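**Student:** Just upload39.txt, nothing more (compact mmCIF, N, CA and C atoms):
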```
# COMPACT_ATOMS: atom_id res chain seq x y z
N MET A 767 113.20 -290.34 -1.89
CA MET A 767 111.77 -290.41 -2.07
C MET A 767 111.19 -289.00 -1.89
N ASP A 768 110.29 -288.67 -2.76
CA ASP A 768 109.66 -287.36 -2.75
C ASP A 768 108.79 -287.20 -1.50
N ARG A 769 108.75 -286.00 -0.97
CA ARG A 769 107.96 -285.71 0.23
C ARG A 769 106.46 -285.96 0.00
N ARG A 770 105.97 -285.60 -1.17
CA ARG A 770 104.56 -285.83 -1.49
C ARG A 770 104.22 -287.31 -1.50
N LYS A 771 105.13 -288.09 -2.03
CA LYS A 771 104.90 -289.54 -2.09
C LYS A 771 104.87 -290.14 -0.69
N ILE A 772 105.73 -289.65 0.19
CA ILE A 772 105.74 -290.12 1.58
C ILE A 772 104.41 -289.80 2.25
N PHE A 773 103.91 -288.57 2.08
CA PHE A 773 102.63 -288.17 2.66
C PHE A 773 101.48 -289.00 2.08
N LYS A 774 101.53 -289.27 0.79
CA LYS A 774 100.48 -290.05 0.14
C LYS A 774 100.46 -291.48 0.68
N VAL A 775 101.63 -292.10 0.78
CA VAL A 775 101.72 -293.47 1.30
C VAL A 775 101.28 -293.50 2.76
N THR A 776 101.70 -292.51 3.55
CA THR A 776 101.31 -292.44 4.96
C THR A 776 99.80 -292.30 5.10
N THR A 777 99.19 -291.45 4.28
CA THR A 777 97.75 -291.26 4.31
C THR A 777 97.02 -292.54 3.97
N ILE A 778 97.46 -293.22 2.94
CA ILE A 778 96.83 -294.48 2.53
C ILE A 778 96.94 -295.52 3.64
N VAL A 779 98.11 -295.64 4.25
CA VAL A 779 98.30 -296.60 5.33
C VAL A 779 97.39 -296.26 6.51
N LEU A 780 97.29 -294.98 6.89
CA LEU A 780 96.43 -294.58 7.99
C LEU A 780 94.96 -294.85 7.71
N VAL A 781 94.52 -294.62 6.49
CA VAL A 781 93.13 -294.89 6.13
C VAL A 781 92.84 -296.38 6.21
N VAL A 782 93.74 -297.19 5.69
CA VAL A 782 93.55 -298.64 5.71
C VAL A 782 93.53 -299.14 7.16
N VAL A 783 94.46 -298.69 7.98
CA VAL A 783 94.51 -299.11 9.38
C VAL A 783 93.24 -298.67 10.11
N THR A 784 92.76 -297.46 9.85
CA THR A 784 91.54 -296.95 10.49
C THR A 784 90.33 -297.79 10.10
N VAL A 785 90.20 -298.12 8.83
CA VAL A 785 89.08 -298.94 8.38
C VAL A 785 89.14 -300.33 9.01
N ILE A 786 90.33 -300.92 9.06
CA ILE A 786 90.49 -302.23 9.68
C ILE A 786 90.12 -302.17 11.16
N CYS A 787 90.57 -301.14 11.87
CA CYS A 787 90.22 -300.98 13.29
C CYS A 787 88.72 -300.80 13.47
N ALA A 788 88.09 -299.99 12.62
CA ALA A 788 86.65 -299.77 12.72
C ALA A 788 85.89 -301.07 12.49
N LEU A 789 86.29 -301.83 11.51
CA LEU A 789 85.64 -303.11 11.25
C LEU A 789 85.83 -304.08 12.41
N TRP A 790 87.02 -304.13 12.96
CA TRP A 790 87.31 -305.00 14.10
C TRP A 790 86.44 -304.62 15.30
N ILE A 791 86.30 -303.33 15.56
CA ILE A 791 85.46 -302.85 16.67
C ILE A 791 84.01 -303.22 16.43
N MET A 792 83.52 -303.07 15.20
CA MET A 792 82.13 -303.42 14.90
C MET A 792 81.89 -304.92 15.00
N ILE A 793 82.81 -305.72 14.49
CA ILE A 793 82.65 -307.18 14.52
C ILE A 793 82.65 -307.71 15.95
N ARG A 794 83.52 -307.16 16.78
CA ARG A 794 83.62 -307.61 18.17
C ARG A 794 82.56 -307.00 19.07
N GLY A 795 81.83 -305.99 18.57
CA GLY A 795 80.76 -305.37 19.35
C GLY A 795 81.26 -304.53 20.49
N LEU A 796 82.44 -303.95 20.35
CA LEU A 796 83.00 -303.12 21.42
C LEU A 796 82.23 -301.82 21.54
N GLY A 797 82.07 -301.31 22.75
CA GLY A 797 81.38 -300.06 22.98
C GLY A 797 79.89 -300.19 23.18
N LEU A 798 79.37 -301.40 23.13
CA LEU A 798 77.94 -301.60 23.33
C LEU A 798 77.63 -301.56 24.82
N ALA A 799 76.48 -301.02 25.15
CA ALA A 799 76.03 -300.98 26.54
C ALA A 799 75.41 -302.34 26.87
N ASP A 800 75.98 -303.04 27.84
CA ASP A 800 75.47 -304.36 28.22
C ASP A 800 74.04 -304.27 28.72
N GLY A 801 73.24 -305.20 28.29
CA GLY A 801 71.86 -305.28 28.75
C GLY A 801 70.89 -304.38 28.00
N TYR A 802 71.38 -303.62 27.03
CA TYR A 802 70.51 -302.75 26.25
C TYR A 802 70.55 -303.16 24.79
N ASP A 803 69.43 -303.07 24.14
CA ASP A 803 69.35 -303.42 22.73
C ASP A 803 69.55 -302.16 21.88
N PHE A 804 70.65 -301.48 22.10
CA PHE A 804 70.97 -300.26 21.37
C PHE A 804 72.38 -300.38 20.81
N GLY A 805 72.67 -299.60 19.81
CA GLY A 805 74.00 -299.61 19.21
C GLY A 805 75.01 -298.89 20.07
N ALA A 806 76.25 -298.94 19.63
CA ALA A 806 77.33 -298.27 20.35
C ALA A 806 77.06 -296.77 20.42
N GLY A 807 77.25 -296.21 21.58
CA GLY A 807 77.06 -294.78 21.77
C GLY A 807 75.63 -294.39 22.06
N ALA A 808 74.70 -295.32 22.06
CA ALA A 808 73.28 -295.00 22.26
C ALA A 808 73.01 -294.55 23.69
N TYR A 809 73.91 -294.85 24.60
CA TYR A 809 73.71 -294.45 25.99
C TYR A 809 73.85 -292.94 26.17
N TYR A 810 74.17 -292.22 25.11
CA TYR A 810 74.22 -290.76 25.18
C TYR A 810 72.84 -290.14 24.99
N TYR A 811 71.88 -290.91 24.59
CA TYR A 811 70.57 -290.37 24.25
C TYR A 811 69.54 -290.74 25.29
N ALA A 812 68.59 -289.88 25.46
CA ALA A 812 67.58 -290.06 26.50
C ALA A 812 66.46 -291.00 26.06
N ASP A 813 66.59 -291.68 24.94
CA ASP A 813 65.54 -292.59 24.51
C ASP A 813 65.71 -293.99 25.11
N ILE A 814 66.72 -294.18 25.95
CA ILE A 814 66.90 -295.45 26.63
C ILE A 814 65.86 -295.55 27.74
N PRO A 815 65.19 -296.68 27.87
CA PRO A 815 64.21 -296.83 28.95
C PRO A 815 64.85 -296.60 30.32
N GLU A 816 64.17 -295.88 31.17
CA GLU A 816 64.64 -295.56 32.52
C GLU A 816 66.03 -294.94 32.50
N TYR A 817 66.20 -293.96 31.64
CA TYR A 817 67.48 -293.28 31.43
C TYR A 817 68.03 -292.69 32.73
N GLU A 818 67.15 -292.23 33.58
CA GLU A 818 67.57 -291.59 34.82
C GLU A 818 68.34 -292.55 35.72
N LYS A 819 68.01 -293.84 35.63
CA LYS A 819 68.70 -294.83 36.45
C LYS A 819 70.07 -295.18 35.90
N VAL A 820 70.26 -294.95 34.59
CA VAL A 820 71.54 -295.28 33.96
C VAL A 820 72.57 -294.17 34.21
N VAL A 821 72.15 -292.94 34.04
CA VAL A 821 73.04 -291.79 34.20
C VAL A 821 72.52 -290.93 35.34
N LYS A 822 73.34 -290.72 36.32
CA LYS A 822 72.95 -289.91 37.47
C LYS A 822 73.59 -288.53 37.36
N ASP A 823 72.80 -287.50 37.59
CA ASP A 823 73.31 -286.13 37.51
C ASP A 823 74.12 -285.74 38.73
N ASP A 824 73.94 -286.42 39.83
CA ASP A 824 74.61 -286.02 41.07
C ASP A 824 75.98 -286.68 41.26
N VAL A 825 76.49 -287.35 40.23
CA VAL A 825 77.78 -288.02 40.35
C VAL A 825 78.92 -287.00 40.40
N TYR A 826 78.84 -285.95 39.61
CA TYR A 826 79.90 -284.95 39.53
C TYR A 826 79.41 -283.66 40.17
N SER A 827 80.17 -283.18 41.11
CA SER A 827 79.84 -281.88 41.70
C SER A 827 81.13 -281.07 41.80
N THR A 828 81.00 -279.75 41.70
CA THR A 828 82.15 -278.88 41.73
C THR A 828 81.79 -277.59 42.44
N SER A 829 82.81 -276.96 42.99
CA SER A 829 82.60 -275.66 43.63
C SER A 829 82.84 -274.52 42.65
N VAL A 830 83.27 -274.85 41.44
CA VAL A 830 83.53 -273.84 40.42
C VAL A 830 82.21 -273.45 39.75
N PRO A 831 81.92 -272.16 39.66
CA PRO A 831 80.65 -271.74 39.03
C PRO A 831 80.59 -272.12 37.55
N TYR A 832 79.37 -272.25 37.05
CA TYR A 832 79.14 -272.62 35.66
C TYR A 832 79.79 -271.64 34.69
N TRP A 833 79.73 -270.34 35.00
CA TRP A 833 80.26 -269.34 34.09
C TRP A 833 81.77 -269.50 33.90
N VAL A 834 82.47 -270.02 34.90
CA VAL A 834 83.91 -270.26 34.75
C VAL A 834 84.15 -271.37 33.73
N HIS A 835 83.34 -272.42 33.81
CA HIS A 835 83.45 -273.51 32.84
C HIS A 835 83.16 -272.98 31.42
N ALA A 836 82.12 -272.17 31.29
CA ALA A 836 81.76 -271.62 29.98
C ALA A 836 82.88 -270.72 29.47
N LEU A 837 83.46 -269.90 30.34
CA LEU A 837 84.54 -269.00 29.93
C LEU A 837 85.78 -269.78 29.50
N LEU A 838 86.10 -270.83 30.24
CA LEU A 838 87.24 -271.66 29.85
C LEU A 838 87.00 -272.35 28.51
N PHE A 839 85.78 -272.83 28.29
CA PHE A 839 85.43 -273.46 27.03
C PHE A 839 85.58 -272.48 25.87
N LEU A 840 85.03 -271.28 26.03
CA LEU A 840 85.13 -270.27 24.97
C LEU A 840 86.56 -269.81 24.77
N GLY A 841 87.32 -269.67 25.85
CA GLY A 841 88.73 -269.29 25.75
C GLY A 841 89.55 -270.33 25.00
N TRP A 842 89.29 -271.60 25.30
CA TRP A 842 89.97 -272.69 24.60
C TRP A 842 89.64 -272.66 23.11
N GLY A 843 88.37 -272.43 22.79
CA GLY A 843 87.96 -272.34 21.39
C GLY A 843 88.64 -271.18 20.68
N ALA A 844 88.72 -270.03 21.34
CA ALA A 844 89.39 -268.86 20.75
C ALA A 844 90.88 -269.14 20.54
N PHE A 845 91.50 -269.79 21.53
CA PHE A 845 92.92 -270.12 21.40
C PHE A 845 93.16 -271.09 20.25
N MET A 846 92.32 -272.10 20.12
CA MET A 846 92.47 -273.05 19.02
C MET A 846 92.25 -272.37 17.67
N TYR A 847 91.29 -271.45 17.58
CA TYR A 847 91.07 -270.71 16.34
C TYR A 847 92.30 -269.87 16.00
N TRP A 848 92.84 -269.19 17.00
CA TRP A 848 94.04 -268.37 16.79
C TRP A 848 95.20 -269.25 16.33
N LEU A 849 95.39 -270.40 16.99
CA LEU A 849 96.47 -271.31 16.62
C LEU A 849 96.29 -271.85 15.21
N TRP A 850 95.05 -272.21 14.86
CA TRP A 850 94.76 -272.71 13.52
C TRP A 850 95.10 -271.66 12.47
N LYS A 851 94.67 -270.43 12.69
CA LYS A 851 94.95 -269.34 11.73
C LYS A 851 96.44 -269.10 11.61
N ARG A 852 97.16 -269.19 12.73
CA ARG A 852 98.61 -268.96 12.71
C ARG A 852 99.32 -270.08 11.95
N LEU A 853 98.89 -271.31 12.16
CA LEU A 853 99.52 -272.43 11.47
C LEU A 853 99.15 -272.48 9.99
N ASP A 854 98.01 -271.90 9.65
CA ASP A 854 97.53 -271.95 8.27
C ASP A 854 98.18 -270.91 7.37
N ARG A 855 99.00 -270.05 7.95
CA ARG A 855 99.66 -269.02 7.12
C ARG A 855 100.61 -269.60 6.11
```
Output the file's structure as structure tokens, nothing else.

**Tutor:**
Amino acid sequence: MDRRKIFKVTTIVLVVVTVICALWIMIRGLGLADGYDFGAGAYYYADIPEYEKVVKDDVYSTSVPYWVHALLFLGWGAFMYWLWKRLDR
């Protein structure tokens, strides 16, 4: 079997499986916030009534300064860009 044909069949199977999984998740209502009349993922937005009671800012605390987190984030992005360019050759 040709390598291109294997990749094509694999891609088609993955797309079909992904669509079936997405439909199953939507039909079953998975990911919805209980007690709220919002869609899945809506709890990320501040338009939920009394949002402050749903998400508390004081849950996570760290002794690591913010700039370290920002530097790690930017370093990870630079590394991924470098890796992408290397693999794309």

**Student:** One decimal, Å: what's the distance from atom C of Thr776 in chain A over to atom N of Lys851 in chain A, could you say?

**Tutor:**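 These atoms are spaced 23.7 Å apart.
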
**Student:** Rounded to one decimal place, report the CA of Val785 in chain A-CA of Gly797 in chain A distance in Å.

**Tutor:**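 Separating CA of Val785 in chain A from CA of Gly797 in chain A is a distance of 16.5 Å.
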
**Student:** Would you mind reading off the distance between CA of Met846 in chain A and atom N of Tyr832 in chain A, one decimal, in Å?

**Tutor:**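 These two atoms are separated by 22.3 Å.
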
**Student:** Around all the atoms of range 779-795 of chain A listed in the file, with 4 Å of room on each side, what axis-aligned box do you get, giving centre and edge lengths in Å to one decimal, as AutoDock Vina command-line options?

**Tutor:**
```
--center_x 89.5 --center_y -301.1 --center_z 12.4 --size_x 25.5 --size_y 21.1 --size_z 24.2
```
